[in-house]
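Report on one structure; see the data block that follows.
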Amino acid sequence: MEALGSMIGTSLPSHTKFISMSPNCLTIRLASRDVLSHCKVPYRRQVLTKTFSGSEVVLQKARSKTWGFECRCSAQEMESYVATDNTSRSLTQRKRLAVFVSGGGSNFKAIHEAAKEGLVHGDIMVLVTDKPGCGGAEYARENQIPVIVFPRSMSSPDAVSAAELVATLRNFEVDFLLLAGFLKLIPIELVQAFPRSILNIHPSLLPAFGGKGFYGLKVHKAVIGSGARYSGPTVHFVDERYDTGRIVAQRVVPVLADDTAEQLAARVLHQEHQLYVEVVSALCEDRIVWREDGVPLICSRENPNKLY
């Protein structure tokens, strides 16, 4: 903290999460993946290194190039928007995200890139996986994102239990959990600890072709075998069962007469990357509202009175 404070010419208390400076409107989030500068001109780039001390992130000067200050804001990001109750307010602080993967993590990568580009108003703080050697976990390590292995098993004795996972995510002060190809059932402890805060993406138009055993190419083979003319991804909130939570958004793609499962999977995956980023963006901007009957709806950024 003192090292970072000396860089910007001020002292920072140990509990500080954000600091703002004028006239350049510099915003520093100490617990984030990097240091963010919200300004309209590029800020002088500093060379930092990042280490973890328990749940805290420590940033210090370093000789080698790691993270640095950079101009990451946009005019749109600094604007205020009107909430559904017609009350004007400024854009909320960046949300803290945990992503769950079991495979290559292409949706995880898409969300991470969108966050870096400013399309998602949040930061991925931690990755959770049941397969520590999967592509998603490797990508997380390459990008200095901590990896947690869950659940504990004979092959992963060092993994955390459900209670330990909840405690760890609390320590990271995570706001939302994003399942991106995670094949394990989310335990009830996690669902109860993060109500209406866990999203999943499924490669079919739920409620069709969902549930236990429907994942990967198995879904697309079932769709083709059924004779369905349309398929597509579904983003839904997570409950105690597989693929039965409330649907937030869907995207439709055609099922062609000569499709293979691989061809249909590629067509659906292309839409998955776009749809999941759009929904996560709305989630991080508090643009998801709940209808009286429990159905989640997304408020348009341009017109908050428009729901879809």
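Chains: A, B, ... in order of the structure tokens. Residues: from 1 per chain. Ligands: from 1, in order shown.
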
Looking only at the backbone, which of the residues in range 168-232 of chain A does DSSP tag as strand (DSSP E or B), as a CSV table (one decimal) with all heavy atoms, in the first residue's frame?
```
chain,number,residue,atom,x,y,z
A,176,PHE,N,-20.6,-11.8,-8.4
A,176,PHE,CA,-21.3,-12.8,-9.2
A,176,PHE,C,-20.5,-14.0,-9.6
A,176,PHE,O,-19.3,-13.8,-9.8
A,176,PHE,CB,-21.8,-12.1,-10.5
A,176,PHE,CG,-22.7,-10.9,-10.2
A,176,PHE,CD1,-22.4,-9.6,-10.5
A,176,PHE,CD2,-24.0,-11.1,-9.7
A,176,PHE,CE1,-23.2,-8.5,-10.3
A,176,PHE,CE2,-24.9,-10.0,-9.4
A,176,PHE,CZ,-24.5,-8.8,-9.7
A,177,LEU,N,-21.1,-15.1,-9.8
A,177,LEU,CA,-20.5,-16.3,-10.3
A,177,LEU,C,-21.0,-16.7,-11.7
A,177,LEU,O,-22.2,-16.6,-11.9
A,177,LEU,CB,-20.8,-17.5,-9.3
A,177,LEU,CG,-20.1,-17.6,-8.0
A,177,LEU,CD1,-20.2,-16.3,-7.1
A,177,LEU,CD2,-20.7,-18.8,-7.2
A,178,LEU,N,-20.0,-16.9,-12.6
A,178,LEU,CA,-20.4,-17.2,-14.0
A,178,LEU,C,-19.9,-18.6,-14.3
A,178,LEU,O,-18.7,-18.9,-14.3
A,178,LEU,CB,-19.7,-16.2,-14.9
A,178,LEU,CG,-19.9,-14.7,-14.5
A,178,LEU,CD1,-19.1,-13.8,-15.5
A,178,LEU,CD2,-21.4,-14.3,-14.5
A,179,LEU,N,-20.8,-19.5,-14.6
A,179,LEU,CA,-20.5,-20.8,-15.1
A,179,LEU,C,-20.3,-20.8,-16.6
A,179,LEU,O,-21.2,-20.4,-17.3
A,179,LEU,CB,-21.6,-21.8,-14.7
A,179,LEU,CG,-21.6,-22.4,-13.3
A,179,LEU,CD1,-21.6,-21.3,-12.2
A,179,LEU,CD2,-22.8,-23.3,-13.1
A,198,ILE,N,-25.8,-16.2,-9.7
A,198,ILE,CA,-25.0,-17.3,-10.4
A,198,ILE,C,-25.6,-17.5,-11.8
A,198,ILE,O,-26.8,-17.8,-11.9
A,198,ILE,CB,-25.0,-18.6,-9.6
A,198,ILE,CG1,-24.6,-18.4,-8.2
A,198,ILE,CG2,-24.1,-19.6,-10.3
A,198,ILE,CD1,-24.6,-19.7,-7.3
A,199,LEU,N,-24.9,-17.3,-12.8
A,199,LEU,CA,-25.3,-17.5,-14.2
A,199,LEU,C,-24.7,-18.7,-14.8
A,199,LEU,O,-23.5,-19.1,-14.4
A,199,LEU,CB,-25.0,-16.2,-15.0
A,199,LEU,CG,-25.8,-15.0,-14.9
A,199,LEU,CD1,-25.3,-13.9,-15.9
A,199,LEU,CD2,-27.3,-15.2,-15.1
A,200,ASN,N,-25.4,-19.3,-15.7
A,200,ASN,CA,-24.8,-20.4,-16.5
A,200,ASN,C,-25.2,-20.2,-18.0
A,200,ASN,O,-26.2,-19.6,-18.3
A,200,ASN,CB,-25.4,-21.7,-16.0
A,200,ASN,CG,-24.8,-22.9,-16.8
A,200,ASN,OD1,-23.6,-23.0,-17.0
A,200,ASN,ND2,-25.6,-23.8,-17.3
A,201,ILE,N,-24.4,-20.7,-18.9
A,201,ILE,CA,-24.8,-20.7,-20.3
A,201,ILE,C,-24.8,-22.2,-20.8
A,201,ILE,O,-24.0,-23.0,-20.5
A,201,ILE,CB,-23.8,-19.9,-21.1
A,201,ILE,CG1,-24.3,-19.8,-22.6
A,201,ILE,CG2,-22.4,-20.5,-21.1
A,201,ILE,CD1,-23.7,-18.6,-23.4
A,202,HIS,N,-25.9,-22.5,-21.5
A,202,HIS,CA,-26.2,-23.8,-22.0
A,202,HIS,C,-26.4,-23.8,-23.5
A,202,HIS,O,-27.0,-22.9,-24.0
A,202,HIS,CB,-27.4,-24.4,-21.3
A,202,HIS,CG,-27.7,-25.8,-21.7
A,202,HIS,ND1,-27.0,-26.9,-21.1
A,202,HIS,CD2,-28.6,-26.4,-22.5
A,202,HIS,CE1,-27.5,-28.0,-21.6
A,202,HIS,NE2,-28.4,-27.7,-22.5
A,230,TYR,N,-34.4,-25.4,-35.1
A,230,TYR,CA,-33.7,-24.3,-34.5
A,230,TYR,C,-33.0,-24.8,-33.2
A,230,TYR,O,-33.5,-25.6,-32.5
A,230,TYR,CB,-34.6,-23.1,-34.2
A,230,TYR,CG,-35.2,-22.5,-35.5
A,230,TYR,CD1,-36.5,-23.0,-35.9
A,230,TYR,CD2,-34.5,-21.6,-36.2
A,230,TYR,CE1,-37.0,-22.4,-37.1
A,230,TYR,CE2,-35.1,-21.1,-37.4
A,230,TYR,CZ,-36.3,-21.5,-37.8
A,230,TYR,OH,-36.8,-21.0,-39.0
A,231,SER,N,-31.9,-24.1,-32.9
A,231,SER,CA,-31.2,-24.3,-31.6
A,231,SER,C,-30.6,-23.0,-31.2
A,231,SER,O,-30.9,-22.0,-31.8
A,231,SER,CB,-30.2,-25.4,-31.7
A,231,SER,OG,-29.7,-25.8,-30.4
```

Write out as a PyMOL selection string which residues come within 9 Å of range 144-149 of chain A when counting only C-alpha atoms, dropping same-chain ones fewer than 4 positions away. chain A and resi 33+50+124-132+137+139-140+156+158-160+165+168

With a distance cut-off of 7 Å and only C-alpha atoms, select the neighbouring residues of range 256-261 of chain A, excluding the residue or stretch itself and same-chain residues fewer than 5 positions from it, and output the selection as a compact mmCIF listing (two decimals) with N, CA and C atoms, in the first residue's frame.
```txt
# COMPACT_ATOMS: atom_id res chain seq x y z
N LEU A 217 -21.07 -31.99 -27.13
CA LEU A 217 -21.62 -32.52 -28.37
C LEU A 217 -22.86 -33.37 -28.14
N HIS A 220 -25.87 -31.27 -28.98
CA HIS A 220 -26.07 -31.00 -30.41
C HIS A 220 -26.50 -32.26 -31.17
N LYS A 221 -25.98 -33.41 -30.77
CA LYS A 221 -26.43 -34.67 -31.38
C LYS A 221 -27.90 -34.91 -31.09
```

Run DSSP on the backbone and tell me which residues of range 55-278 of chain A come out as helix (DSSP H, G or I); list them as a ChimeraX atom specification. /A:75-78,106-116,135-142,162-171,188-193,217-226,261-278

Near Gly213 in chain A, within 12 Å and counting only C-alpha atoms, which residues show up once chain neighbours fewer than 4 positions away are dropped, as JSON, numbers by chain? {"A": [183, 184, 185, 209, 217, 218, 219, 222, 242, 243]}

Go through A:Val252, A:Gly122, A:Gly103, A:Gly245 and flag the residue nearest Glu285 in chain A, using only C-alpha atoms for the distances.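 Counting only C-alpha atoms, the residue closest to Glu285 in chain A is A:Gly122.
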
What is the distance between CA of Asn305 in chain A and CA of Val280 in chain A, in Å to one decimal?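 Computing the Euclidean distance for CA of Asn305 in chain A and CA of Val280 in chain A yields 19.3 Å.
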
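In this model, the gap between CA of Ala266 in chain A and CA of Gly232 in chain A comes to 10.6 Å.
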